[in-house]
Every structure is written in structure tokens, then in C-alpha cells.
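Engineer: My file is protein_3.cif. It has mmCIF, C-alpha atoms:
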```
data_query
#
loop_
_atom_site.label_atom_id
_atom_site.label_comp_id
_atom_site.auth_asym_id
_atom_site.auth_seq_id
_atom_site.Cartn_x
_atom_site.Cartn_y
_atom_site.Cartn_z
CA MET B 1 96.30 121.01 133.74
CA LYS B 2 96.84 124.60 134.86
CA PRO B 3 94.28 126.39 137.08
CA GLY B 4 91.44 128.09 135.24
CA LEU B 5 91.55 125.90 132.13
CA PRO B 6 88.57 123.85 130.89
CA LEU B 7 88.32 120.17 131.76
CA ILE B 8 90.85 118.09 129.88
CA ARG B 9 89.83 116.91 126.40
CA HIS B 10 91.72 114.57 124.09
CA TYR B 11 91.43 114.17 120.32
CA LEU B 12 92.12 110.49 119.65
CA GLN B 13 89.64 109.79 116.84
CA PHE B 14 87.23 111.84 114.76
CA LYS B 15 84.14 110.81 116.72
CA ASP B 16 85.57 112.39 119.88
CA PHE B 17 83.93 115.68 118.84
CA ARG B 18 80.33 116.58 117.98
CA ALA B 19 79.13 118.23 114.77
CA GLU B 20 78.74 121.61 116.45
CA GLU B 21 82.32 121.43 117.72
CA TYR B 22 83.52 120.79 114.19
CA ALA B 23 81.52 123.75 112.92
CA TYR B 24 83.31 125.89 115.51
CA LEU B 25 86.74 124.47 114.60
CA PHE B 26 86.20 125.15 110.90
CA GLU B 27 85.21 128.75 111.68
CA ARG B 28 88.28 129.20 113.84
CA ALA B 29 90.53 127.62 111.21
CA ALA B 30 89.26 130.12 108.63
CA ILE B 31 89.95 133.04 110.96
CA ILE B 32 93.39 131.75 111.92
CA LYS B 33 94.30 131.09 108.28
CA LYS B 34 93.20 134.59 107.23
CA ARG B 35 95.41 136.10 109.92
CA PHE B 36 98.32 133.97 108.76
CA LYS B 37 97.86 135.05 105.14
CA ASN B 38 97.65 138.70 106.20
CA TYR B 39 100.81 138.44 108.32
CA GLU B 40 98.81 139.33 111.42
CA LYS B 41 100.50 138.23 114.62
CA TYR B 42 98.27 135.94 116.69
CA THR B 43 99.91 134.32 119.70
CA PRO B 44 97.29 132.98 122.16
CA LEU B 45 99.52 130.06 123.21
CA VAL B 46 102.45 132.05 124.61
CA ASP B 47 104.22 130.06 127.35
CA ARG B 48 102.50 126.84 126.24
CA THR B 49 104.61 123.86 125.18
CA LEU B 50 103.69 121.12 122.71
CA ALA B 51 105.47 117.76 122.96
CA MET B 52 105.53 115.90 119.64
CA ILE B 53 106.20 112.17 119.97
CA PHE B 54 107.02 110.26 116.80
CA GLU B 55 107.16 106.50 116.52
CA LYS B 56 106.23 106.92 112.85
CA ALA B 57 108.19 109.58 110.99
CA SER B 58 106.37 112.28 109.01
CA THR B 59 107.18 115.42 107.06
CA ARG B 60 103.74 117.05 107.03
CA THR B 61 102.77 116.17 110.59
CA ARG B 62 105.98 117.52 112.05
CA VAL B 63 106.10 120.73 110.01
CA SER B 64 102.39 121.51 110.40
CA PHE B 65 102.34 121.03 114.18
CA GLU B 66 105.73 122.57 114.85
CA ALA B 67 105.27 125.63 112.63
CA GLY B 68 101.70 126.04 113.87
CA MET B 69 102.67 125.99 117.54
CA TYR B 70 105.47 128.51 117.00
CA GLN B 71 103.13 130.78 115.05
CA MET B 72 100.67 130.66 117.96
CA GLY B 73 103.42 131.84 120.31
CA GLY B 74 104.22 128.49 121.93
CA SER B 75 107.25 126.24 121.97
CA VAL B 76 107.84 122.65 120.85
CA VAL B 77 109.69 119.61 122.16
CA HIS B 78 110.34 116.96 119.50
CA LEU B 79 110.79 113.36 120.65
CA THR B 80 111.32 110.10 118.79
CA THR B 81 111.70 106.56 120.07
CA GLY B 82 115.40 106.84 119.27
CA ASP B 83 116.09 109.74 121.64
CA SER B 84 113.71 108.96 124.50
CA GLN B 85 112.70 106.13 126.82
CA LEU B 86 109.61 105.51 124.68
CA GLY B 87 111.57 103.16 122.49
CA ARG B 88 113.08 101.31 125.43
CA ALA B 89 111.73 99.60 128.51
CA GLU B 90 109.72 102.38 130.19
CA PRO B 91 105.97 101.69 130.20
CA VAL B 92 103.96 104.15 128.13
CA GLU B 93 101.92 104.96 131.25
CA ASP B 94 105.05 106.18 133.04
CA SER B 95 106.15 108.24 130.06
CA ALA B 96 102.72 109.87 129.99
CA ARG B 97 102.83 110.71 133.68
CA VAL B 98 106.23 112.38 133.35
CA ILE B 99 105.91 114.17 130.01
CA SER B 100 102.46 115.58 130.81
CA ARG B 101 103.85 117.24 133.97
CA MET B 102 106.30 119.23 131.85
CA VAL B 103 104.27 120.33 128.82
CA ASP B 104 100.79 121.66 128.10
CA ILE B 105 99.71 119.45 125.18
CA VAL B 106 100.99 116.30 123.46
CA MET B 107 100.77 115.08 119.86
CA ILE B 108 101.60 111.41 119.24
CA ARG B 109 102.14 109.66 115.90
CA THR B 110 102.42 105.94 116.56
CA TYR B 111 101.34 102.47 115.49
CA GLU B 112 98.68 101.02 117.80
CA GLN B 113 95.69 103.12 118.85
CA SER B 114 95.83 101.28 122.18
CA LYS B 115 99.22 102.84 122.95
CA LEU B 116 97.84 106.32 122.25
CA GLU B 117 94.81 105.66 124.43
CA SER B 118 96.99 104.36 127.26
CA PHE B 119 99.13 107.50 127.10
CA ALA B 120 96.02 109.72 127.14
CA ALA B 121 94.53 107.84 130.08
CA HIS B 122 97.60 108.71 132.17
CA SER B 123 98.17 112.25 130.85
CA ARG B 124 97.43 115.44 132.76
CA VAL B 125 97.18 117.42 129.49
CA PRO B 126 95.33 117.06 126.15
CA VAL B 127 96.61 114.41 123.76
CA ILE B 128 96.17 114.60 119.97
CA ASN B 129 96.32 111.67 117.56
CA GLY B 130 98.84 112.59 114.85
CA LEU B 131 98.19 109.19 113.22
CA THR B 132 97.76 105.59 114.28
CA ASN B 133 97.21 102.39 112.33
CA GLU B 134 93.49 102.75 113.00
CA TYR B 135 92.72 106.48 112.60
CA HIS B 136 94.02 109.76 111.16
CA PRO B 137 91.63 112.43 112.50
CA CYS B 138 93.79 115.51 111.92
CA GLN B 139 94.09 114.67 108.23
CA ILE B 140 90.33 114.28 107.76
CA LEU B 141 89.84 117.49 109.76
CA ALA B 142 92.02 119.22 107.14
CA ASP B 143 90.32 117.45 104.23
CA VAL B 144 86.80 118.41 105.29
CA TYR B 145 87.91 121.99 105.92
CA THR B 146 89.51 122.09 102.46
CA TYR B 147 86.27 120.90 100.87
CA ILE B 148 84.29 123.57 102.75
CA GLU B 149 86.81 126.20 101.69
CA HIS B 150 86.40 125.31 98.01
CA ARG B 151 82.79 124.15 97.74
CA GLY B 152 80.88 125.06 100.89
CA SER B 153 79.14 122.67 103.26
CA ILE B 154 79.99 118.98 102.92
CA ALA B 155 76.61 117.93 104.35
CA GLY B 156 74.66 115.85 101.85
CA LYS B 157 77.66 115.39 99.56
CA VAL B 158 79.31 112.19 98.31
CA VAL B 159 82.95 111.35 99.01
CA ALA B 160 84.45 108.48 96.98
CA TRP B 161 87.19 106.56 98.77
CA VAL B 162 89.24 104.48 96.32
CA GLY B 163 91.95 102.19 97.66
CA ASP B 164 92.99 100.66 100.97
CA GLY B 165 90.53 100.22 103.83
CA ASN B 166 93.00 101.89 106.15
CA ASN B 167 93.09 104.52 108.91
CA MET B 168 92.04 107.23 106.45
CA ALA B 169 89.03 105.20 105.31
CA HIS B 170 87.97 104.47 108.90
CA THR B 171 88.16 108.17 109.73
CA TRP B 172 86.22 109.24 106.64
CA LEU B 173 83.45 106.87 107.75
CA GLN B 174 83.34 108.47 111.19
CA ALA B 175 83.29 111.95 109.66
CA ALA B 176 80.42 111.05 107.33
CA GLU B 177 78.25 109.85 110.20
CA ILE B 178 78.94 112.95 112.29
CA LEU B 179 78.80 115.60 109.55
CA GLY B 180 76.00 114.18 107.42
CA PHE B 181 77.55 113.12 104.12
CA THR B 182 77.98 109.77 102.36
CA VAL B 183 81.15 107.81 101.63
CA HIS B 184 81.36 105.53 98.61
CA ILE B 185 84.00 102.92 99.43
CA SER B 186 85.80 100.73 96.93
CA THR B 187 88.68 98.54 98.06
CA PRO B 188 90.29 95.39 96.62
CA ARG B 189 89.19 92.06 98.03
CA GLY B 190 91.03 91.42 101.28
CA TYR B 191 91.67 95.10 101.98
CA GLU B 192 88.19 96.14 103.12
CA VAL B 193 87.53 98.63 105.88
CA ASN B 194 87.09 97.22 109.37
CA LEU B 195 83.65 98.42 110.44
CA ASP B 196 84.32 97.41 114.04
CA VAL B 197 87.29 99.79 114.07
CA ALA B 198 85.25 102.55 112.46
CA GLY B 199 82.71 102.07 115.24
CA LEU B 200 79.69 103.43 113.40
CA ARG B 201 76.19 103.59 114.87
CA SER B 202 74.57 102.52 111.57
CA ALA B 203 75.32 101.79 107.92
CA ASP B 204 73.36 104.78 106.62
CA SER B 205 76.35 106.99 105.79
CA PHE B 206 78.30 104.73 103.42
CA LYS B 207 77.94 102.42 100.43
CA VAL B 208 80.39 99.73 99.30
CA PHE B 209 81.29 99.25 95.62
CA LYS B 210 83.27 96.43 94.01
CA ASP B 211 84.04 98.64 91.00
CA PRO B 212 86.04 101.78 91.86
CA LEU B 213 84.65 103.54 88.77
CA GLU B 214 81.11 103.12 90.09
CA ALA B 215 82.18 104.41 93.50
CA CYS B 216 83.31 107.64 91.80
CA ARG B 217 80.12 108.09 89.78
CA GLY B 218 78.39 111.30 90.88
CA ALA B 219 80.93 111.98 93.66
CA ASP B 220 81.62 115.51 94.88
CA LEU B 221 85.07 114.52 96.13
CA VAL B 222 87.35 111.67 95.06
CA THR B 223 90.16 110.76 97.43
CA THR B 224 92.74 108.04 97.95
CA ASP B 225 95.96 107.11 99.75
CA VAL B 226 99.11 105.12 99.04
CA TRP B 227 98.59 101.43 98.47
CA THR B 228 101.11 100.50 101.17
CA SER B 229 100.92 102.48 104.40
CA MET B 230 103.86 102.83 106.79
CA GLY B 231 104.37 99.61 108.70
CA TYR B 232 103.09 97.37 105.89
CA GLU B 233 106.11 97.55 103.58
CA SER B 234 106.55 93.76 103.57
CA GLU B 235 103.23 93.52 101.72
CA ASN B 236 104.27 95.96 99.00
CA GLU B 237 104.46 93.55 96.04
CA ALA B 238 101.23 91.76 96.93
CA ARG B 239 99.49 95.11 97.27
CA ARG B 240 100.77 96.37 93.91
CA SER B 241 99.08 93.39 92.28
CA ALA B 242 95.85 93.59 94.27
CA PHE B 243 95.41 97.35 93.82
CA ALA B 244 96.21 97.56 90.09
CA ASP B 245 92.63 98.59 89.18
CA TRP B 246 92.36 101.10 92.05
CA CYS B 247 94.38 103.93 90.50
CA VAL B 248 92.37 107.16 90.42
CA ASP B 249 92.65 108.22 86.79
CA ALA B 250 90.97 110.60 84.36
CA GLU B 251 88.18 108.10 83.64
CA MET B 252 87.21 107.97 87.33
CA MET B 253 87.25 111.75 87.63
CA ALA B 254 85.15 112.01 84.46
CA VAL B 255 82.24 110.08 86.01
CA ALA B 256 82.35 112.16 89.18
CA LYS B 257 80.52 115.49 89.20
CA PRO B 258 81.98 118.10 86.84
CA ASP B 259 83.13 120.24 89.77
CA ALA B 260 84.41 117.30 91.85
CA LEU B 261 87.62 117.79 93.78
CA PHE B 262 90.51 115.35 94.14
CA MET B 263 92.41 114.94 97.42
CA HIS B 264 95.33 112.85 98.62
CA CYS B 265 96.94 113.05 102.09
CA LEU B 266 100.44 112.68 100.57
CA PRO B 267 103.08 111.52 99.94
CA ALA B 268 101.76 110.32 96.58
CA HIS B 269 103.08 107.80 94.10
CA ARG B 270 102.10 108.99 90.64
CA GLY B 271 101.18 106.06 88.42
CA GLU B 272 100.19 103.88 91.36
CA GLU B 273 97.22 105.07 93.47
CA VAL B 274 96.72 108.20 91.33
CA ALA B 275 97.53 109.20 87.77
CA ALA B 276 99.81 112.21 87.34
CA GLU B 277 97.19 113.96 85.22
CA VAL B 278 94.77 113.81 88.16
CA ILE B 279 96.96 114.86 91.06
CA ASP B 280 98.56 117.60 88.96
CA GLY B 281 95.32 118.51 87.22
CA PRO B 282 92.81 121.33 87.74
CA GLN B 283 90.51 119.36 90.07
CA SER B 284 93.31 118.55 92.52
CA VAL B 285 93.49 120.57 95.74
CA VAL B 286 96.21 118.50 97.41
CA TRP B 287 98.49 121.48 98.10
CA ASP B 288 95.73 123.47 99.80
CA GLU B 289 94.85 120.28 101.67
CA ALA B 290 98.43 119.86 102.89
CA GLU B 291 98.69 123.49 104.03
CA ASN B 292 95.36 123.29 105.80
CA ARG B 293 96.73 120.62 108.16
CA MET B 294 98.54 123.47 109.89
CA HIS B 295 95.55 125.80 110.11
CA VAL B 296 93.06 123.24 111.45
CA GLN B 297 95.60 121.90 113.93
CA LYS B 298 96.20 125.43 115.20
CA ALA B 299 92.44 125.75 115.74
CA LEU B 300 92.42 122.33 117.42
CA MET B 301 95.25 123.17 119.83
CA GLU B 302 93.65 126.51 120.64
CA TYR B 303 90.36 124.75 121.42
CA LEU B 304 91.90 122.01 123.55
CA LEU B 305 93.99 124.48 125.55
CA LEU B 306 91.74 127.56 125.76
CA GLY B 307 88.22 126.36 125.01
CA ARG B 308 85.96 128.46 122.82
CA ILE B 309 87.21 131.93 121.95
CA GLY B 310 84.62 134.70 122.20
#
```
Before anything else, please render the file you have as C-alpha cells.
Structural biologist:
Amino acid sequence: MKPGLPLIRHYLQFKDFRAEEYAYLFERAAIIKKRFKNYEKYTPLVDRTLAMIFEKASTRTRVSFEAGMYQMGGSVVHLTTGDSQLGRAEPVEDSARVISRMVDIVMIRTYEQSKLESFAAHSRVPVINGLTNEYHPCQILADVYTYIEHRGSIAGKVVAWVGDGNNMAHTWLQAAEILGFTVHISTPRGYEVNLDVAGLRSADSFKVFKDPLEACRGADLVTTDVWTSMGYESENEARRSAFADWCVDAEMMAVAKPDALFMHCLPAHRGEEVAAEVIDGPQSVVWDEAENRMHVQKALMEYLLLGRIG
């Protein structure tokens, strides 16, 4: 950490920040996005370097972080397990000690949350979770911001989660508790969310439904994810069978509120977790959602490196 900077903060799961911090980040994301759309140069991170470490490949995570850092005036180092010691015998703690002496901020997209936490514990600079098996906070940051952008405050609203009880579902549960909305969860038997992983203080911010149609009834936002997340490909056929009734289709959107939005973190498989008429329909905001990854992550990096602006 360079002299004069705030105390080091990491962003490893959604509950790492308070509601007022999220309010600030959403305000900053709106300002940063407006500047981007108006072609206004804004480079507060000149001479700062972001290291991106990928054990799980990604199109959106790489492009959004890399383009965002360059737009903010910084530079980027891209590492994978194939071209670094991370995929070999060096302990993650040693990698953290070395890499964090050479860059200003680190984004990691990996498998186990424990590996990310170990890296952060031995890092001299902020560490951001670009995705783990347990959580996906940057995606939910973008999703909530996209809802606010289209419909205003998410407080008091209902988000229907249809599909796997995965890292996205765990993070939606954390967001609901912090930001004051409710999640309706519907997953196939055997694919439920792990409430211990979500780490909630109470059960007041979510309801569980056996029937995905009922989970969508009255929802302000309906969202889903692929049936088979990266790292679970061996379960693909079993999941196809188990998830057959958990495809977000026109009938599910019809029982949601008339102005309900549809989101998906992408990539999507039309005809599996979502019908083509939904993801390509008028209620879908998936392309805004994808773009907003970049804008909220720019606000996040600015906050972690510079603190509050103004």
C-alpha cells in the first residue's frame, strides 16, 4: 500500500460492504458511466496497475476489468495458471506476497473461496473476487445497479431466483439482507442453496418455493443462471434432467409484475435455463447488465484505491 492511501480493503463477498457503501458505489457508477457515454476522459488511476489472475476463464470478467482499468488511466497484467507459478507448486501465500509488491490491486477468478481469502490475507493491496465457487459479488453489484438504473430503488422489491443454488444465489441472498429486498428461491431437489455459505443473520429476506412458477409470482425481477456452472461439467446430463422444469419461460414472466425485468449473468443457453423469447424479449436487460459490470467495477476499483471521491 502506497503512503497516503486509506487502510486496505478487500472485496471478497457481497457482505464485505455496508448498505451506505453500496449507495455510494451506485452513485459513482452512474457518474462514471455517464462520462464514458459522453466520451469524457476520466483517468484517476494513472500509474496504478491491476493484476488479473484467472484460474477460471471468462470473457466478460476479463473484458470488463481490463477495459475499465485502461479507461481509468491504469495498466493491466493478465495472469493464468498456465503462464504463472499459481498453477504449479508455489503456495498461494507466496504468490500473494510477491504479486502484491508489484501491483496496486488484484482481481482473482478462481475455484475455492478459501484460496481467494488466503491470497487476500497475505496481500499488501486490495483483492477483488472476480468469481469463486461460493460467491460472485461483482456480478450482483452490476445486477442491482442495472435494476436501479431501470426501475429505481431495489429496497422492498422481490427478486425471483430460478435454477441452481450456486454462487449467484448465495450472493443474491447476501445482497437482499444488506439492501432490504426479498429473494424468492426455487431450485430442484438436491441443488438447494447452502445457507451456511450465504452466512445470513436471519431468514427474513428470502422465501423458498418448490414450484418455480410460484417463485416468480409478483416478482419485480426474474433471474437465473446456467444449469451447469464451470467446474461441474461432469454433472451436465444429470442436471439437464433435474432442471427440466426450471426454464424461465413466458409463463413465468407472465405471473411476475407487468414491468418485471429479466436478467442473466451470461453466457446463456437458450432453450435450457431460459427461453429465447424471454432473453431476447422486451423485459430482458441482459445486455445493459453485461455492460454495467464494467461501470460498477470501475467504481469499485476507484473506491478501493482512492476511497470516497469528494
Engineer: What is the distance between CA of Leu200 (chain B) and CA of Leu173 (chain B), in Å to one decimal?
Structural biologist: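 Those two atoms sit 7.6 Å apart.
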Engineer: Given the file shown, enumerate the residues that the PyMOL selection byres ((chain B and resi 44) around 8) captures and present them as a PDB file with C-alpha atoms, in the coordinates of the input.
Structural biologist:
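File written: result.pdb
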```pdb
ATOM      1  CA  TYR B  42      98.270 135.940 116.690  1.00  0.00           C
ATOM      2  CA  THR B  43      99.910 134.320 119.700  1.00  0.00           C
ATOM      3  CA  LEU B  45      99.520 130.060 123.210  1.00  0.00           C
ATOM      4  CA  VAL B  46     102.450 132.050 124.610  1.00  0.00           C
ATOM      5  CA  MET B  72     100.670 130.660 117.960  1.00  0.00           C
ATOM      6  CA  GLY B  73     103.420 131.840 120.310  1.00  0.00           C
ATOM      7  CA  GLU B 302      93.650 126.510 120.640  1.00  0.00           C
TER       8      GLU B 302
END
```
Engineer: Report as number ranges by chain the residues that result from applying the PyMOL selection byres ((chain B and resi 9) around 6) to the structure here.
Structural biologist: B: 8, 10, 126
Engineer: Under the rule of at most 12 Å, produce a per-residue listing of region 76-143 of chain B near region 55-67 of chain B: chain, number, name, the closest pair of atoms, and the distance in Å, as JSON lines, using only C-alpha atoms.
Structural biologist:
```
{"residue": "B:Val76", "atom": "CA", "partner": "B:Glu66", "partner_atom": "CA", "distance": 6.4}
{"residue": "B:Val77", "atom": "CA", "partner": "B:Glu66", "partner_atom": "CA", "distance": 8.8}
{"residue": "B:His78", "atom": "CA", "partner": "B:Glu66", "partner_atom": "CA", "distance": 8.6}
{"residue": "B:Leu79", "atom": "CA", "partner": "B:Glu55", "partner_atom": "CA", "distance": 8.8}
{"residue": "B:Thr80", "atom": "CA", "partner": "B:Glu55", "partner_atom": "CA", "distance": 6.0}
{"residue": "B:Thr81", "atom": "CA", "partner": "B:Glu55", "partner_atom": "CA", "distance": 5.8}
{"residue": "B:Gly82", "atom": "CA", "partner": "B:Glu55", "partner_atom": "CA", "distance": 8.7}
{"residue": "B:Asp83", "atom": "CA", "partner": "B:Glu55", "partner_atom": "CA", "distance": 10.8}
{"residue": "B:Ser84", "atom": "CA", "partner": "B:Glu55", "partner_atom": "CA", "distance": 10.6}
{"residue": "B:Gln85", "atom": "CA", "partner": "B:Glu55", "partner_atom": "CA", "distance": 11.7}
{"residue": "B:Leu86", "atom": "CA", "partner": "B:Glu55", "partner_atom": "CA", "distance": 8.6}
{"residue": "B:Gly87", "atom": "CA", "partner": "B:Glu55", "partner_atom": "CA", "distance": 8.1}
{"residue": "B:Arg88", "atom": "CA", "partner": "B:Glu55", "partner_atom": "CA", "distance": 11.9}
{"residue": "B:Ile105", "atom": "CA", "partner": "B:Phe65", "partner_atom": "CA", "distance": 11.4}
{"residue": "B:Val106", "atom": "CA", "partner": "B:Phe65", "partner_atom": "CA", "distance": 10.5}
{"residue": "B:Met107", "atom": "CA", "partner": "B:Phe65", "partner_atom": "CA", "distance": 8.4}
{"residue": "B:Ile108", "atom": "CA", "partner": "B:Glu55", "partner_atom": "CA", "distance": 7.9}
{"residue": "B:Arg109", "atom": "CA", "partner": "B:Lys56", "partner_atom": "CA", "distance": 5.8}
{"residue": "B:Thr110", "atom": "CA", "partner": "B:Glu55", "partner_atom": "CA", "distance": 4.8}
{"residue": "B:Tyr111", "atom": "CA", "partner": "B:Lys56", "partner_atom": "CA", "distance": 7.1}
{"residue": "B:Glu112", "atom": "CA", "partner": "B:Glu55", "partner_atom": "CA", "distance": 10.2}
{"residue": "B:Lys115", "atom": "CA", "partner": "B:Glu55", "partner_atom": "CA", "distance": 10.9}
{"residue": "B:Leu116", "atom": "CA", "partner": "B:Glu55", "partner_atom": "CA", "distance": 10.9}
{"residue": "B:Ile128", "atom": "CA", "partner": "B:Phe65", "partner_atom": "CA", "distance": 10.6}
{"residue": "B:Asn129", "atom": "CA", "partner": "B:Thr61", "partner_atom": "CA", "distance": 10.5}
{"residue": "B:Gly130", "atom": "CA", "partner": "B:Thr61", "partner_atom": "CA", "distance": 6.8}
{"residue": "B:Leu131", "atom": "CA", "partner": "B:Lys56", "partner_atom": "CA", "distance": 8.4}
{"residue": "B:Thr132", "atom": "CA", "partner": "B:Lys56", "partner_atom": "CA", "distance": 8.7}
{"residue": "B:Asn133", "atom": "CA", "partner": "B:Lys56", "partner_atom": "CA", "distance": 10.1}
{"residue": "B:His136", "atom": "CA", "partner": "B:Thr61", "partner_atom": "CA", "distance": 10.9}
{"residue": "B:Pro137", "atom": "CA", "partner": "B:Thr61", "partner_atom": "CA", "distance": 11.9}
{"residue": "B:Cys138", "atom": "CA", "partner": "B:Thr61", "partner_atom": "CA", "distance": 9.1}
{"residue": "B:Gln139", "atom": "CA", "partner": "B:Thr61", "partner_atom": "CA", "distance": 9.1}
{"residue": "B:Ala142", "atom": "CA", "partner": "B:Ser64", "partner_atom": "CA", "distance": 11.1}
```
Engineer: Expand the PyMOL selection byres ((chain B and resi 190) around 12) into the explicit residue set it covers here, and present it as a VMD selection string.
Structural biologist: chain B and resid 163 to 166 186 to 189 191 to 194 210 238 to 239 242 to 243
Engineer: Determine the nearest neighbour of Asp245 (chain B) from the options B:Gly156, B:Gly271, B:Gly231, B:Gly199, counting only C-alpha atoms.
Structural biologist: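 Between B:Gly156, B:Gly271, B:Gly231, B:Gly199, the residue approaching Asp245 (chain B) most closely is B:Gly271.
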Engineer: Residues near Ala203 (chain B), anyone? I mean within 12 Å using only C-alpha atoms, not counting same-chain ones fewer than 5 positions away, as a list in words.
Structural biologist: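 Here the answer would be Leu173, Gln174, Ala176, Glu177, Thr182, Val183, His184, Leu195, Asp196, Ala198 and Val208 of chain B.
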Engineer: Work out how far apart CA of Met252 (chain B) and CA of Leu221 (chain B) are and give it in Å to one decimal.
Structural biologist: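 Going from CA of Met252 (chain B) over to CA of Leu221 (chain B) covers 11.2 Å.
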Engineer: Let me make sure I understand: among B:Gln283, B:Gln113, B:Thr224, B:Thr171, which one has the smallest atom-to-atom distance to Ala254 (chain B) if we use all atoms listed in the file?
Structural biologist: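 Of B:Gln283, B:Gln113, B:Thr224, B:Thr171, the one nearest Ala254 (chain B) is B:Gln283, counting all atoms listed in the file.
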Engineer: At what distance in Å, to one decimal, does CA of Pro267 (chain B) lie from CA of Glu235 (chain B)?
Structural biologist: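 Pair CA of Glu235 (chain B) / CA of Pro267 (chain B) returns 18.1 Å.
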Engineer: Which of these residues is nearest to Met69 (chain B), using only C-alpha atoms: B:Phe209, B:Lys33, B:Tyr232, B:Gln297?
Structural biologist: B:Gln297
Engineer: Set up a box along x, y and z of the file covering all listed atoms of region 116-126 of chain B, add 3 Å on every one of the six sides, and write the centre and edge lengths in Å to one decimal, as lines of an AutoDock Vina configuration file.
Structural biologist:
```
center_x = 96.8
center_y = 110.9
center_z = 127.5
size_x = 10.6
size_y = 19.1
size_z = 16.5
```
Engineer: So which one's closest to Ala30 (chain B), B:Val296, B:Ala215, B:Met301, B:Leu266? Using all atoms listed in the file, please.
Structural biologist: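 Of all the options, B:Val296 lies closest to Ala30 (chain B).
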Engineer: Set the distance at 12 Å and use only C-alpha atoms: which residues neighbour Arg308 (chain B) once local chain neighbours fewer than 3 positions away are removed? I'd like the list as a list in words.
Structural biologist: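 In the requested form, the answer reads Leu5, Pro6, Glu20, Glu21, Tyr22, Ala23, Tyr24, Leu25, Glu27, Arg28, Ala299, Leu300, Met301, Glu302, Tyr303, Leu304 and Leu305 of chain B.
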Engineer: Write the selection just made, keeping C-alpha atoms, as a PDB file, keeping the file's coordinate frame?
Structural biologist:
```pdb
ATOM      1  CA  LEU B   5      91.550 125.900 132.130  1.00  0.00           C
ATOM      2  CA  PRO B   6      88.570 123.850 130.890  1.00  0.00           C
ATOM      3  CA  GLU B  20      78.740 121.610 116.450  1.00  0.00           C
ATOM      4  CA  GLU B  21      82.320 121.430 117.720  1.00  0.00           C
ATOM      5  CA  TYR B  22      83.520 120.790 114.190  1.00  0.00           C
ATOM      6  CA  ALA B  23      81.520 123.750 112.920  1.00  0.00           C
ATOM      7  CA  TYR B  24      83.310 125.890 115.510  1.00  0.00           C
ATOM      8  CA  LEU B  25      86.740 124.470 114.600  1.00  0.00           C
ATOM      9  CA  GLU B  27      85.210 128.750 111.680  1.00  0.00           C
ATOM     10  CA  ARG B  28      88.280 129.200 113.840  1.00  0.00           C
ATOM     11  CA  ALA B 299      92.440 125.750 115.740  1.00  0.00           C
ATOM     12  CA  LEU B 300      92.420 122.330 117.420  1.00  0.00           C
ATOM     13  CA  MET B 301      95.250 123.170 119.830  1.00  0.00           C
ATOM     14  CA  GLU B 302      93.650 126.510 120.640  1.00  0.00           C
ATOM     15  CA  TYR B 303      90.360 124.750 121.420  1.00  0.00           C
ATOM     16  CA  LEU B 304      91.900 122.010 123.550  1.00  0.00           C
ATOM     17  CA  LEU B 305      93.990 124.480 125.550  1.00  0.00           C
TER      18      LEU B 305
END
```
Engineer: Select, from B:Ile309, B:His170, B:His295, B:Tyr135, the residue with the minimum atom-to-atom distance to Lys34 (chain B), counting only C-alpha atoms.
Structural biologist: B:His295
Engineer: Smallest atom-to-atom distance to Arg35 (chain B): which of B:Gln71, B:Ala219, B:Ile53, B:Ile154, using only C-alpha atoms?
Structural biologist: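 Using only C-alpha atoms, Arg35 (chain B) sits closest to B:Gln71.
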